[in-house]
Structure formats: C-alpha cells, structure tokens
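The file my_file-v6.pdb contains PDB, C-alpha atoms:
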```
MODEL        1
ATOM      1  CA  MET A1415      42.248  42.522   6.006
ATOM      2  CA  GLU A1416      45.322  40.241   5.819
ATOM      3  CA  TRP A1417      43.166  37.352   7.077
ATOM      4  CA  ILE A1418      40.634  37.802   4.254
ATOM      5  CA  GLU A1419      43.433  38.197   1.724
ATOM      6  CA  ARG A1420      44.921  34.880   2.828
ATOM      7  CA  LEU A1421      41.551  33.153   2.435
ATOM      8  CA  ASN A1422      41.200  34.561  -1.068
ATOM      9  CA  GLY A1423      44.753  33.406  -1.794
ATOM     10  CA  ALA A1424      43.690  29.896  -0.810
ATOM     11  CA  ILE A1425      40.764  30.117  -3.247
ATOM     12  CA  ARG A1426      43.116  31.193  -6.026
ATOM     13  CA  TYR A1427      45.291  28.151  -5.311
ATOM     14  CA  ILE A1428      42.236  25.894  -5.591
ATOM     15  CA  GLU A1429      41.268  27.470  -8.912
ATOM     16  CA  GLU A1430      44.753  26.929 -10.297
ATOM     17  CA  HIS A1431      44.718  23.235  -9.369
ATOM     18  CA  LEU A1432      41.196  22.074 -10.247
ATOM     19  CA  GLU A1433      42.644  19.690 -12.837
ATOM     20  CA  GLU A1434      44.963  18.138 -10.232
ATOM     21  CA  ASP A1435      44.722  16.557  -6.791
ATOM     22  CA  ILE A1436      44.240  19.544  -4.513
ATOM     23  CA  ASP A1437      46.583  19.514  -1.527
ATOM     24  CA  TYR A1438      44.419  20.494   1.440
ATOM     25  CA  GLU A1439      47.498  21.037   3.586
ATOM     26  CA  GLN A1440      48.891  23.554   1.090
ATOM     27  CA  VAL A1441      45.527  25.331   0.891
ATOM     28  CA  ALA A1442      45.464  25.653   4.690
ATOM     29  CA  LYS A1443      49.105  26.780   4.747
ATOM     30  CA  ILE A1444      48.250  29.682   2.454
ATOM     31  CA  ALA A1445      45.463  30.641   4.875
ATOM     32  CA  CYS A1446      47.933  30.275   7.802
ATOM     33  CA  CYS A1447      45.931  27.728   9.779
ATOM     34  CA  SER A1448      45.512  23.969  10.124
ATOM     35  CA  THR A1449      43.677  21.904   7.519
ATOM     36  CA  TYR A1450      40.920  21.237  10.049
ATOM     37  CA  HIS A1451      40.427  24.886  10.995
ATOM     38  CA  PHE A1452      40.506  26.026   7.370
ATOM     39  CA  GLN A1453      37.737  23.625   6.432
ATOM     40  CA  ARG A1454      35.622  24.774   9.382
ATOM     41  CA  MET A1455      36.124  28.429   8.495
ATOM     42  CA  PHE A1456      35.398  27.776   4.829
ATOM     43  CA  SER A1457      32.161  25.890   5.450
ATOM     44  CA  TYR A1458      30.840  28.620   7.761
ATOM     45  CA  MET A1459      31.813  31.488   5.468
ATOM     46  CA  ALA A1460      30.858  29.874   2.151
ATOM     47  CA  ASN A1461      27.830  27.924   3.433
ATOM     48  CA  VAL A1462      29.142  24.833   1.658
ATOM     49  CA  PRO A1463      31.813  22.270   2.658
ATOM     50  CA  LEU A1464      35.179  22.672   0.957
ATOM     51  CA  ALA A1465      34.988  19.273  -0.792
ATOM     52  CA  GLU A1466      31.545  20.121  -2.186
ATOM     53  CA  TYR A1467      32.741  23.537  -3.397
ATOM     54  CA  ILE A1468      35.645  21.909  -5.256
ATOM     55  CA  ARG A1469      33.286  19.337  -6.789
ATOM     56  CA  ARG A1470      30.911  22.069  -7.991
ATOM     57  CA  ARG A1471      33.739  24.077  -9.526
ATOM     58  CA  ARG A1472      35.096  21.018 -11.343
ATOM     59  CA  MET A1473      31.665  20.069 -12.662
ATOM     60  CA  THR A1474      31.102  23.662 -13.805
ATOM     61  CA  LEU A1475      34.280  23.537 -15.885
ATOM     62  CA  ALA A1476      33.525  19.995 -17.077
ATOM     63  CA  ALA A1477      30.142  21.134 -18.407
ATOM     64  CA  VAL A1478      31.798  23.941 -20.380
ATOM     65  CA  ASP A1479      34.284  21.465 -21.833
ATOM     66  CA  LEU A1480      31.500  19.084 -22.834
ATOM     67  CA  GLN A1481      29.499  21.791 -24.597
ATOM     68  CA  ASN A1482      32.386  23.570 -26.303
ATOM     69  CA  GLY A1483      34.634  20.755 -27.474
ATOM     70  CA  ASN A1484      34.817  17.360 -29.073
ATOM     71  CA  GLU A1485      36.488  15.592 -26.171
ATOM     72  CA  LYS A1486      35.105  12.268 -25.062
ATOM     73  CA  VAL A1487      33.306  12.071 -21.742
ATOM     74  CA  ILE A1488      35.947   9.685 -20.384
ATOM     75  CA  ASP A1489      38.729  12.147 -21.262
ATOM     76  CA  ILE A1490      36.990  14.990 -19.451
ATOM     77  CA  ALA A1491      36.347  12.715 -16.474
ATOM     78  CA  LEU A1492      40.068  11.941 -16.252
ATOM     79  CA  LYS A1493      40.908  15.627 -16.665
ATOM     80  CA  TYR A1494      39.068  16.443 -13.441
ATOM     81  CA  GLY A1495      40.353  13.516 -11.442
ATOM     82  CA  TYR A1496      37.690  10.849 -12.012
ATOM     83  CA  ASN A1497      39.159   7.494 -12.993
ATOM     84  CA  SER A1498      35.705   5.913 -12.941
ATOM     85  CA  PRO A1499      33.114   7.018 -15.544
ATOM     86  CA  THR A1500      30.396   5.956 -13.101
ATOM     87  CA  ALA A1501      31.770   8.257 -10.389
ATOM     88  CA  PHE A1502      32.044  11.127 -12.861
ATOM     89  CA  ASN A1503      28.481  10.587 -14.090
ATOM     90  CA  ARG A1504      27.212  10.548 -10.523
ATOM     91  CA  ALA A1505      29.079  13.735  -9.600
ATOM     92  CA  PHE A1506      27.985  15.506 -12.787
ATOM     93  CA  GLN A1507      24.322  14.609 -12.370
ATOM     94  CA  SER A1508      24.330  15.713  -8.719
ATOM     95  CA  VAL A1509      25.341  19.210  -9.857
ATOM     96  CA  HIS A1510      23.595  19.606 -13.222
ATOM     97  CA  GLY A1511      20.711  17.145 -13.021
ATOM     98  CA  ILE A1512      21.629  15.592 -16.382
ATOM     99  CA  THR A1513      24.257  13.125 -17.603
ATOM    100  CA  PRO A1514      27.539  14.246 -19.191
ATOM    101  CA  SER A1515      26.360  12.810 -22.530
ATOM    102  CA  GLN A1516      23.185  14.878 -22.380
ATOM    103  CA  ALA A1517      25.257  17.985 -21.612
ATOM    104  CA  LYS A1518      26.885  17.687 -25.054
ATOM    105  CA  GLU A1519      23.538  18.267 -26.768
ATOM    106  CA  ARG A1520      22.696  21.761 -28.029
ATOM    107  CA  GLY A1521      20.202  23.823 -26.069
ATOM    108  CA  VAL A1522      20.569  21.814 -22.868
ATOM    109  CA  SER A1523      20.509  23.866 -19.652
ATOM    110  CA  ILE A1524      23.459  23.465 -17.290
ATOM    111  CA  LYS A1525      24.427  25.171 -14.034
ATOM    112  CA  ALA A1526      27.415  27.360 -13.255
ATOM    113  CA  PHE A1527      29.062  27.852  -9.864
ATOM    114  CA  PRO A1528      31.525  30.752 -10.173
ATOM    115  CA  PRO A1529      34.626  31.027  -7.957
ATOM    116  CA  ILE A1530      33.853  32.572  -4.595
ATOM    117  CA  SER A1531      35.684  35.437  -2.913
ATOM    118  CA  PHE A1532      35.593  36.549   0.695
ATOM    119  CA  LYS A1533      35.097  40.013   2.131
ATOM    120  CA  ILE A1534      34.447  41.419   5.580
ATOM    121  CA  THR A1535      30.889  42.446   6.404
ATOM    122  CA  ILE A1536      30.561  44.232   9.717
ATOM    123  CA  LYS A1537      27.272  43.402  11.445
ATOM    124  CA  GLY A1538      27.463  43.841  15.202
ATOM    125  CA  ASP A1539      23.692  43.868  15.633
ATOM    126  CA  VAL A1540      23.792  41.103  18.263
ATOM    127  CA  GLU A1541      26.343  41.143  21.079
ATOM    128  CA  MET A1542      28.836  38.327  21.614
ATOM    129  CA  ASN A1543      30.010  37.564  25.139
ATOM    130  CA  TYR A1544      33.582  36.293  25.294
ATOM    131  CA  LYS A1545      36.826  36.435  27.235
ATOM    132  CA  ILE A1546      40.469  35.743  26.397
ATOM    133  CA  VAL A1547      42.088  33.270  28.797
ATOM    134  CA  GLN A1548      45.569  31.770  28.981
ATOM    135  CA  LYS A1549      45.461  28.224  30.349
ATOM    136  CA  GLY A1550      48.092  25.586  30.944
ATOM    137  CA  SER A1551      47.782  22.055  29.634
ATOM    138  CA  PHE A1552      45.051  19.903  31.154
ATOM    139  CA  ARG A1553      43.943  16.289  31.036
ATOM    140  CA  ILE A1554      40.624  15.086  29.676
ATOM    141  CA  VAL A1555      39.216  11.561  29.868
ATOM    142  CA  GLY A1556      36.516  10.046  27.713
ATOM    143  CA  VAL A1557      35.827   8.204  24.477
ATOM    144  CA  SER A1558      37.000   9.089  20.999
ATOM    145  CA  GLN A1559      36.507   8.276  17.357
ATOM    146  CA  ASP A1560      38.748   8.899  14.361
ATOM    147  CA  LEU A1561      37.567  11.587  11.969
ATOM    148  CA  PHE A1562      37.893  11.856   8.216
ATOM    149  CA  LYS A1563      40.271  14.437   6.795
ATOM    150  CA  GLU A1564      37.405  15.952   4.785
ATOM    151  CA  ILE A1565      35.259  17.233   7.632
ATOM    152  CA  ASP A1566      31.936  17.081   5.772
ATOM    153  CA  LYS A1567      32.241  13.285   5.996
ATOM    154  CA  ASN A1568      32.076  13.620   9.797
ATOM    155  CA  PHE A1569      28.639  15.250   9.964
ATOM    156  CA  ASP A1570      26.999  11.896  10.734
ATOM    157  CA  ILE A1571      29.757  10.535  12.969
ATOM    158  CA  VAL A1572      29.674  13.062  15.795
ATOM    159  CA  PRO A1573      25.869  13.100  16.391
ATOM    160  CA  LYS A1574      25.862   9.286  16.466
ATOM    161  CA  MET A1575      28.703   9.358  18.995
ATOM    162  CA  TRP A1576      26.684  11.592  21.295
ATOM    163  CA  GLN A1577      23.563   9.468  20.887
ATOM    164  CA  ASN A1578      25.454   6.270  21.713
ATOM    165  CA  ALA A1579      27.261   7.870  24.656
ATOM    166  CA  ALA A1580      23.958   9.067  26.118
ATOM    167  CA  GLU A1581      22.210   5.734  25.614
ATOM    168  CA  ASN A1582      24.974   3.488  26.960
ATOM    169  CA  GLY A1583      25.632   5.525  30.101
ATOM    170  CA  THR A1584      28.987   6.993  29.046
ATOM    171  CA  VAL A1585      27.886  10.614  29.459
ATOM    172  CA  GLU A1586      26.534   9.920  32.939
ATOM    173  CA  LYS A1587      29.745   8.095  33.865
ATOM    174  CA  LEU A1588      31.910  10.949  32.620
ATOM    175  CA  ALA A1589      29.825  13.579  34.405
ATOM    176  CA  SER A1590      30.532  11.807  37.712
ATOM    177  CA  MET A1591      34.287  12.052  37.048
ATOM    178  CA  MET A1592      34.651  15.732  36.184
ATOM    179  CA  ASN A1593      36.680  17.622  38.806
ATOM    180  CA  ALA A1594      38.652  20.251  36.869
ATOM    181  CA  ASP A1595      38.142  23.290  34.688
ATOM    182  CA  PRO A1596      36.397  23.484  32.253
ATOM    183  CA  ILE A1597      33.423  22.121  34.160
ATOM    184  CA  GLY A1598      30.976  20.458  31.785
ATOM    185  CA  VAL A1599      30.805  17.604  29.331
ATOM    186  CA  LEU A1600      33.218  18.370  26.522
ATOM    187  CA  GLY A1601      33.158  17.866  22.776
ATOM    188  CA  VAL A1602      36.789  18.130  21.676
ATOM    189  CA  SER A1603      37.982  18.201  18.067
ATOM    190  CA  ALA A1604      41.666  17.314  18.341
ATOM    191  CA  CYS A1605      44.275  17.160  15.611
ATOM    192  CA  GLY A1606      47.350  15.121  16.496
ATOM    193  CA  GLY A1607      48.812  15.702  13.039
ATOM    194  CA  GLU A1608      47.455  16.260   9.554
ATOM    195  CA  ASP A1609      46.361  12.625   9.294
ATOM    196  CA  ASN A1610      45.332  11.984  12.900
ATOM    197  CA  TRP A1611      42.069  13.706  13.730
ATOM    198  CA  LYS A1612      39.848  12.612  16.591
ATOM    199  CA  TYR A1613      36.678  13.730  18.279
ATOM    200  CA  TYR A1614      36.386  13.204  22.035
ATOM    201  CA  ILE A1615      33.378  13.166  24.313
ATOM    202  CA  ALA A1616      35.107  13.789  27.594
ATOM    203  CA  VAL A1617      35.482  15.698  30.854
ATOM    204  CA  ALA A1618      38.431  17.399  32.532
ATOM    205  CA  SER A1619      39.520  15.070  35.325
ATOM    206  CA  ASP A1620      42.510  13.751  37.249
ATOM    207  CA  LYS A1621      40.752  10.525  38.255
ATOM    208  CA  ALA A1622      41.961   7.066  37.265
ATOM    209  CA  ILE A1623      40.231   5.482  34.270
ATOM    210  CA  ASP A1624      39.293   1.947  33.301
ATOM    211  CA  GLU A1625      39.748   0.214  29.949
ATOM    212  CA  SER A1626      36.545   1.757  28.533
ATOM    213  CA  LEU A1627      38.014   5.270  28.586
ATOM    214  CA  GLU A1628      41.123   7.016  27.314
ATOM    215  CA  GLU A1629      42.960  10.204  28.162
ATOM    216  CA  PHE A1630      44.180  13.155  26.123
ATOM    217  CA  ILE A1631      46.307  16.116  27.200
ATOM    218  CA  VAL A1632      45.007  19.411  25.844
ATOM    219  CA  PRO A1633      48.076  21.614  25.282
ATOM    220  CA  ALA A1634      48.635  24.962  26.922
ATOM    221  CA  ALA A1635      47.072  27.703  24.813
ATOM    222  CA  THR A1636      45.357  31.056  24.713
ATOM    223  CA  TRP A1637      41.603  30.612  24.329
ATOM    224  CA  ALA A1638      38.814  32.878  23.171
ATOM    225  CA  ILE A1639      35.886  31.598  25.222
ATOM    226  CA  PHE A1640      32.366  32.429  24.055
ATOM    227  CA  TYR A1641      29.227  31.848  26.122
ATOM    228  CA  GLY A1642      25.894  30.888  24.605
ATOM    229  CA  GLU A1643      22.529  29.374  25.381
ATOM    230  CA  GLY A1644      19.432  28.136  23.565
ATOM    231  CA  ALA A1645      18.006  25.119  21.786
ATOM    232  CA  MET A1646      20.487  22.574  20.436
ATOM    233  CA  PRO A1647      22.057  22.099  17.983
ATOM    234  CA  HIS A1648      21.004  25.329  16.237
ATOM    235  CA  SER A1649      22.234  27.692  18.952
ATOM    236  CA  ILE A1650      25.784  26.366  19.125
ATOM    237  CA  GLN A1651      26.067  26.097  15.338
ATOM    238  CA  GLU A1652      24.915  29.683  14.924
ATOM    239  CA  LEU A1653      27.419  30.932  17.519
ATOM    240  CA  GLU A1654      30.258  29.003  15.878
ATOM    241  CA  LYS A1655      29.373  30.587  12.549
ATOM    242  CA  ARG A1656      29.302  34.085  14.055
ATOM    243  CA  ILE A1657      32.696  33.546  15.699
ATOM    244  CA  VAL A1658      34.280  32.700  12.347
ATOM    245  CA  THR A1659      32.448  35.201  10.140
ATOM    246  CA  GLU A1660      32.035  38.189  12.473
ATOM    247  CA  TRP A1661      34.487  38.055  15.381
ATOM    248  CA  LEU A1662      37.644  36.408  14.059
ATOM    249  CA  PRO A1663      38.255  38.613  10.976
ATOM    250  CA  THR A1664      38.383  41.828  13.037
ATOM    251  CA  SER A1665      39.586  40.514  16.412
ATOM    252  CA  GLY A1666      43.335  40.869  15.992
ATOM    253  CA  TYR A1667      43.627  37.107  16.536
ATOM    254  CA  GLU A1668      43.880  34.060  14.306
ATOM    255  CA  TYR A1669      43.505  30.356  14.924
ATOM    256  CA  GLY A1670      46.085  28.747  17.212
ATOM    257  CA  ASN A1671      47.401  25.201  17.164
ATOM    258  CA  ALA A1672      45.135  23.491  19.684
ATOM    259  CA  PRO A1673      41.792  21.663  19.695
ATOM    260  CA  ASP A1674      38.373  23.282  19.406
ATOM    261  CA  ILE A1675      36.334  22.633  22.542
ATOM    262  CA  GLU A1676      32.591  22.735  23.163
ATOM    263  CA  VAL A1677      31.645  22.834  26.853
ATOM    264  CA  TYR A1678      28.107  21.684  27.620
ATOM    265  CA  ILE A1679      27.210  23.106  31.026
ATOM    266  CA  ASN A1680      23.737  21.599  31.388
ATOM    267  CA  ALA A1681      21.856  18.711  29.836
ATOM    268  CA  ASP A1682      18.653  20.431  28.668
ATOM    269  CA  PRO A1683      18.672  20.364  24.823
ATOM    270  CA  GLN A1684      15.872  22.945  24.635
ATOM    271  CA  ASN A1685      17.600  25.453  26.919
ATOM    272  CA  SER A1686      21.249  24.476  26.778
ATOM    273  CA  LYS A1687      24.015  26.562  28.325
ATOM    274  CA  PHE A1688      27.408  26.138  26.708
ATOM    275  CA  GLU A1689      30.816  27.603  25.971
ATOM    276  CA  ILE A1690      32.903  27.453  22.810
ATOM    277  CA  TRP A1691      36.685  27.511  23.309
ATOM    278  CA  ILE A1692      38.654  28.622  20.238
ATOM    279  CA  PRO A1693      42.482  28.474  20.370
ATOM    280  CA  VAL A1694      43.918  31.820  19.257
ATOM    281  CA  VAL A1695      47.206  33.629  18.802
ATOM    282  CA  LYS A1696      47.828  37.337  18.384
ATOM    283  CA  LYS A1697      48.431  38.361  14.802
ATOM    284  CA  ALA A1698      52.045  39.269  14.191
TER     285      ALA A1698
ENDMDL
END
```

Please, can you express the file's structure as structure tokens?
Amino acid sequence: MEWIERLNGAIRYIEEHLEEDIDYEQVAKIACCSTYHFQRMFSYMANVPLAEYIRRRRMTLAAVDLQNGNEKVIDIALKYGYNSPTAFNRAFQSVHGITPSQAKERGVSIKAFPPISFKITIKGDVEMNYKIVQKGSFRIVGVSQDLFKEIDKNFDIVPKMWQNAAENGTVEKLASMMNADPIGVLGVSACGGEDNWKYYIAVASDKAIDESLEEFIVPAATWAIFYGEGAMPHSIQELEKRIVTEWLPTSGYEYGNAPDIEVYINADPQNSKFEIWIPVVKKA
C-alpha cells in the first residue's frame, strides 16, 4: 500500500501547484522513482499522459474561474501558466470545445476533470510469466535518438525510428552482430540523467562498431523479466500496462535505476515473441 500512497502523494503535489510550473522531478521524487518511470506508470494507470492530465486539471479550474468571476481571460491564462492568449485559447478549446470568452456566458456547458486517486485492484484472472534475475553490466550497440522529457511527445518518435531502422537495413545489420544475452533486437529506454533521455535500437554485442553505430553500457541491476507473445504493438503494450497496474503494486519490488528494455525475439509482427525487462529493487 505504501506504493499507492506515494502515487497519491504525487497527485496531491500536482494539485497544490497547478498555478505554478510543476516540477516533474519533485513529483517523481515523492513517488520514489525516476521522472521517466513515474510518467510511464502514470500513463498506464490513469489512461492519460501526465502532461495531458495536468492540462485538463488546469483547464477545469480555469473554466470555473471564468464562470464565477470577473477576471479577464488574459489574467486567467497567466494564472495557469499561459503567457500566450492564443496558446491558452487552444488548450481551453481542446478540453471544453468552446473559447474562454464563450465560457463566461451564462448557461454554457463546460467539462470537469476531477483529481484522480489510485487504488489497488486485484485481478489475477490471466497469468503472468516472469522471473527475477540479477545481471552484471553489459554492452549494447546500435542507434539512438534523444527523447523529450515529457514522454507523450515521444509517441511518434519511437515508431518512426523502428520504421527507418527496418527500411535502411539497420535492424538486419544489428541482428548479425548480436552475440550476448539478451538475445534479440532490443528497444532500450535509457536515462543518463534527468535531462538526458535516449531510446536505443540495439543488440547486446562485444563486436567492433563503425561510425554508423554507437555503444551504451547497461548498468548491473536486478531485473523482473516478463515473457509475452502476440500481435504487435498491442500485445507488448498490454503486458507493459499489466506489469505496472497489476504486478508491481503487490510484488514487493519497486522501480530500480536502470533502463527499461524490450527484447524482440522474432521478427513476425503478427505472432511476435518478446520479453520486457523492468529494473527493480526490493522495497525497504
């Protein structure tokens, strides 16, 4: 229950700072995990990205202010962090379907998105196959791309990376180089610091590389390794969601300080076989 309580503590922090710049690092610190892992957990558990949730909450409060007071639209925009009236109008309309000026009129319908809270729901109707493994550091080689700090901005980046890597022969080249565990083509979400996030398409290998590739050392860690199969990308997304919402809260573990790794064992998108490696540490 401590894990859920920490998540709810993070939500309380967000609520208390909706009229300020919200410090994602502080939010994650309250939840006792990295900024990256907190955003992943939040999006799976809340079914909405963290940045979108914050935007909806701010626009909910802005609508109340517009209907209940005499403040100017520009003043309310500034109150919730929008220096540009155009940006505020766009954000407001995306949530309420009307302009801020229209929201001031009597009888106009607006939407409300209340604060969320988390609780544990025990399902257990479908088994999850996993193992806990301690592994020393290992080298991966491949290609990478910088990621945005707000992970919902990366939803287009990673699929395009995979498409380009498949079309230009990078995946085939990497597959010929793999010679270490984990065996498979890897998707690695690595955080080298709060402002240095990268996604790698890579393989575990000790072979020399040319200028088209780069290397990264995955640190020693304890991993919860889950096996899955099925059509992509739905199958792996569904398993990732179940790990966060069903397994992690009651496992006795929490997120560790290491990358998330997806291991693609075969190349058939309709009947893919894969593993998900989650870094974990025992709860104190």

With only C-alpha atoms as the atoms that count, which of A:Ala1476, A:Ala1622, A:Ala1501, A:Val1677 lies nearest to A:Lys1525? A:Ala1476

Could you pull the residues within 9 Å of A:Ser1523, counting all atoms listed in the file, minus those fewer than 4 positions along the same chain, as number ranges by chain? A: 1510, 1512, 1517

Which neighbours of A:Met1455 fall inside 8 Å, counting only C-alpha atoms, when residues of the same chain fewer than 3 positions from it are skipped, and could you give them as a VMD selection string? chain A and resid 1451 to 1452 1458 to 1459 1658 to 1659

Mind writing the picked residues with C-alpha atoms as a PDB file, keeping the file's coordinate frame?
```
ATOM      1  CA  HIS A1451      40.427  24.886  10.995  1.00  0.00           C
ATOM      2  CA  PHE A1452      40.506  26.026   7.370  1.00  0.00           C
ATOM      3  CA  TYR A1458      30.840  28.620   7.761  1.00  0.00           C
ATOM      4  CA  MET A1459      31.813  31.488   5.468  1.00  0.00           C
ATOM      5  CA  VAL A1658      34.280  32.700  12.347  1.00  0.00           C
ATOM      6  CA  THR A1659      32.448  35.201  10.140  1.00  0.00           C
TER       7      THR A1659
END
```

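Shell of A:Glu1643 at 9 Å, with only C-alpha atoms counted and residues fewer than 6 places along the chain excluded, is Ser1649, Ile1650, Asn1685, Ser1686, Lys1687, Phe1688 and Glu1689 of chain A.
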
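The space between atom CA of A:Leu1600 and atom CA of A:Glu1628 spans 13.9 Å.
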
Quick one: of A:Tyr1450, A:Phe1640, A:Tyr1669, A:Tyr1494, who's nearest to A:Thr1474, counting only C-alpha atoms? A:Tyr1494

Using all atoms listed in the file, determine which residues lie at most 12 Å from A:His1648, disregarding the query and same-chain residues fewer than 6 positions distant; provide the list as a compact mmCIF listing (two decimals) with C-alpha atoms, keeping the file's coordinate frame.
```txt
# COMPACT_ATOMS: atom_id res chain seq x y z
CA GLY A 1642 25.89 30.89 24.60
CA GLU A 1654 30.26 29.00 15.88
CA LYS A 1655 29.37 30.59 12.55
CA PRO A 1683 18.67 20.36 24.82
CA GLN A 1684 15.87 22.94 24.64
CA ASN A 1685 17.60 25.45 26.92
CA SER A 1686 21.25 24.48 26.78
```

On this file, the PyMOL selection byres ((chain A and resi 1573) around 12) gives some set of residues; write that set as an mmCIF file with C-alpha atoms, in the frame of the given file.
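Printed below is part.cif as written:
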```
data_model
loop_
_atom_site.group_PDB
_atom_site.id
_atom_site.type_symbol
_atom_site.label_atom_id
_atom_site.label_comp_id
_atom_site.auth_asym_id
_atom_site.auth_seq_id
_atom_site.Cartn_x
_atom_site.Cartn_y
_atom_site.Cartn_z
ATOM 1 C CA GLN A 1559 36.507 8.276 17.357
ATOM 2 C CA ASN A 1568 32.076 13.620 9.797
ATOM 3 C CA PHE A 1569 28.639 15.250 9.964
ATOM 4 C CA ASP A 1570 26.999 11.896 10.734
ATOM 5 C CA ILE A 1571 29.757 10.535 12.969
ATOM 6 C CA VAL A 1572 29.674 13.062 15.795
ATOM 7 C CA LYS A 1574 25.862 9.286 16.466
ATOM 8 C CA MET A 1575 28.703 9.358 18.995
ATOM 9 C CA TRP A 1576 26.684 11.592 21.295
ATOM 10 C CA GLN A 1577 23.563 9.468 20.887
ATOM 11 C CA ASN A 1578 25.454 6.270 21.713
ATOM 12 C CA ALA A 1579 27.261 7.870 24.656
ATOM 13 C CA ALA A 1580 23.958 9.067 26.118
ATOM 14 C CA GLY A 1601 33.158 17.866 22.776
ATOM 15 C CA TYR A 1613 36.678 13.730 18.279
ATOM 16 C CA TYR A 1614 36.386 13.204 22.035
ATOM 17 C CA ILE A 1615 33.378 13.166 24.313
ATOM 18 C CA MET A 1646 20.487 22.574 20.436
ATOM 19 C CA PRO A 1647 22.057 22.099 17.983
#
```

Tell me which residues come within 12 Å of (35.1, 22.4, -7.1), as a VMD selection string, counting all atoms listed in the file in the file's coordinates. chain A and resid 1425 to 1436 1462 to 1476 1494 to 1495 1505 to 1506 1509 1526 to 1530

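Taking atom CA of A:Asp1560 and atom CA of A:Trp1611 as endpoints, the distance between them is 5.9 Å.
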
Check what the PyMOL selection byres ((chain A and resi 1599) around 9) selects in the file above and give those residues as a PyMOL selection string. chain A and resi 1585+1588-1589+1592+1596-1598+1600-1601+1615-1618+1676-1680

Could you work out an axis-aligned box for stretch 1650-1669 of chain A, taking every atom the file lists and adding 3 Å on each side, and report centre and edge lengths in Å to one decimal, as AutoDock Vina command-line options?
```
--center_x 34.4 --center_y 34.0 --center_z 14.6 --size_x 25.0 --size_y 21.7 --size_z 15.0
```

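Closest approach to A:Val1555 among A:Val1540, A:Ile1631, A:Ala1491, A:Ala1604: A:Ile1631, based on all atoms listed in the file.
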
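Using all atoms listed in the file, the smallest distance between any of A:Glu1564, A:Glu1586, A:Asp1674, A:Glu1519 and A:Glu1439 comes from A:Glu1564.
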
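Shown here are all protein and nucleic acid residues lying within 10 Å of (51.3, 24.1, 31.1), with all atoms listed in the file considered: Gln1548, Lys1549, Gly1550, Ser1551, Phe1552, Val1632, Pro1633, Ala1634 and Ala1635 of chain A.
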
Selected residue of minimal separation from A:Ala1460 among A:Ser1531, A:Gln1440, A:Gln1516, A:Ser1508, counting all atoms listed in the file: A:Ser1531

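The list of residues with at least one atom within 10 Å of A:Lys1563, based on only C-alpha atoms and without residues fewer than 4 positions apart in the same chain, reads Tyr1438, Thr1449, Tyr1450, Gln1453, Lys1567, Asn1568, Glu1608, Asp1609, Asn1610, Trp1611 and Lys1612 of chain A.
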
Which residues, named as in the file, does the PyMOL selection byres ((chain A and resi 1662-1664) around 9) pick out? Answer as an mmCIF file with C-alpha atoms, keeping the file's coordinate frame.
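Result file result_15.cif:
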```cif
data_model
loop_
_atom_site.group_PDB
_atom_site.id
_atom_site.type_symbol
_atom_site.label_atom_id
_atom_site.label_comp_id
_atom_site.auth_asym_id
_atom_site.auth_seq_id
_atom_site.Cartn_x
_atom_site.Cartn_y
_atom_site.Cartn_z
ATOM 1 C CA MET A 1415 42.248 42.522 6.006
ATOM 2 C CA GLU A 1416 45.322 40.241 5.819
ATOM 3 C CA TRP A 1417 43.166 37.352 7.077
ATOM 4 C CA ILE A 1418 40.634 37.802 4.254
ATOM 5 C CA ILE A 1534 34.447 41.419 5.580
ATOM 6 C CA ILE A 1536 30.561 44.232 9.717
ATOM 7 C CA ARG A 1656 29.302 34.085 14.055
ATOM 8 C CA ILE A 1657 32.696 33.546 15.699
ATOM 9 C CA VAL A 1658 34.280 32.700 12.347
ATOM 10 C CA THR A 1659 32.448 35.201 10.140
ATOM 11 C CA GLU A 1660 32.035 38.189 12.473
ATOM 12 C CA TRP A 1661 34.487 38.055 15.381
ATOM 13 C CA SER A 1665 39.586 40.514 16.412
ATOM 14 C CA GLY A 1666 43.335 40.869 15.992
ATOM 15 C CA TYR A 1667 43.627 37.107 16.536
ATOM 16 C CA GLU A 1668 43.880 34.060 14.306
ATOM 17 C CA TYR A 1669 43.505 30.356 14.924
#
```

Selected residue, from A:Ala1645, A:Ile1546, A:Ala1424, A:Met1591, that lies nearest to A:Ile1690 when counting all atoms listed in the file: A:Ile1546

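Rounded to one decimal, atom CA of A:Arg1553 and atom CA of A:Glu1629 lie 6.8 Å from each other.
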
Can you put N, CA and C atoms back into stretch 1425-1437 of chain A and show it as a compact mmCIF listing (two decimals), in the frame of the given file?
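Below is the file result21.txt, written as the result:
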```
# COMPACT_ATOMS: atom_id res chain seq x y z
N ILE A 1425 41.72 30.37 -2.17
CA ILE A 1425 40.76 30.12 -3.25
C ILE A 1425 41.47 30.17 -4.60
N ARG A 1426 42.37 31.11 -4.76
CA ARG A 1426 43.12 31.19 -6.03
C ARG A 1426 43.93 29.92 -6.25
N TYR A 1427 44.53 29.40 -5.19
CA TYR A 1427 45.29 28.15 -5.31
C TYR A 1427 44.38 27.01 -5.78
N ILE A 1428 43.19 26.93 -5.19
CA ILE A 1428 42.24 25.89 -5.59
C ILE A 1428 41.89 26.03 -7.07
N GLU A 1429 41.62 27.24 -7.51
CA GLU A 1429 41.27 27.47 -8.91
C GLU A 1429 42.38 27.03 -9.86
N GLU A 1430 43.61 27.26 -9.44
CA GLU A 1430 44.75 26.93 -10.30
C GLU A 1430 45.03 25.43 -10.34
N HIS A 1431 44.40 24.66 -9.46
CA HIS A 1431 44.72 23.24 -9.37
C HIS A 1431 43.47 22.36 -9.49
N LEU A 1432 42.42 22.86 -10.12
CA LEU A 1432 41.20 22.07 -10.25
C LEU A 1432 41.37 20.85 -11.14
N GLU A 1433 42.39 20.85 -11.99
CA GLU A 1433 42.64 19.69 -12.84
C GLU A 1433 43.67 18.75 -12.21
N GLU A 1434 43.99 18.97 -10.93
CA GLU A 1434 44.96 18.14 -10.23
C GLU A 1434 44.37 17.72 -8.89
N ASP A 1435 45.09 16.85 -8.17
CA ASP A 1435 44.72 16.56 -6.79
C ASP A 1435 45.04 17.78 -5.96
N ILE A 1436 44.04 18.33 -5.30
CA ILE A 1436 44.24 19.54 -4.51
C ILE A 1436 44.79 19.18 -3.14
N ASP A 1437 45.90 19.77 -2.79
CA ASP A 1437 46.58 19.51 -1.53
C ASP A 1437 45.94 20.38 -0.44
```
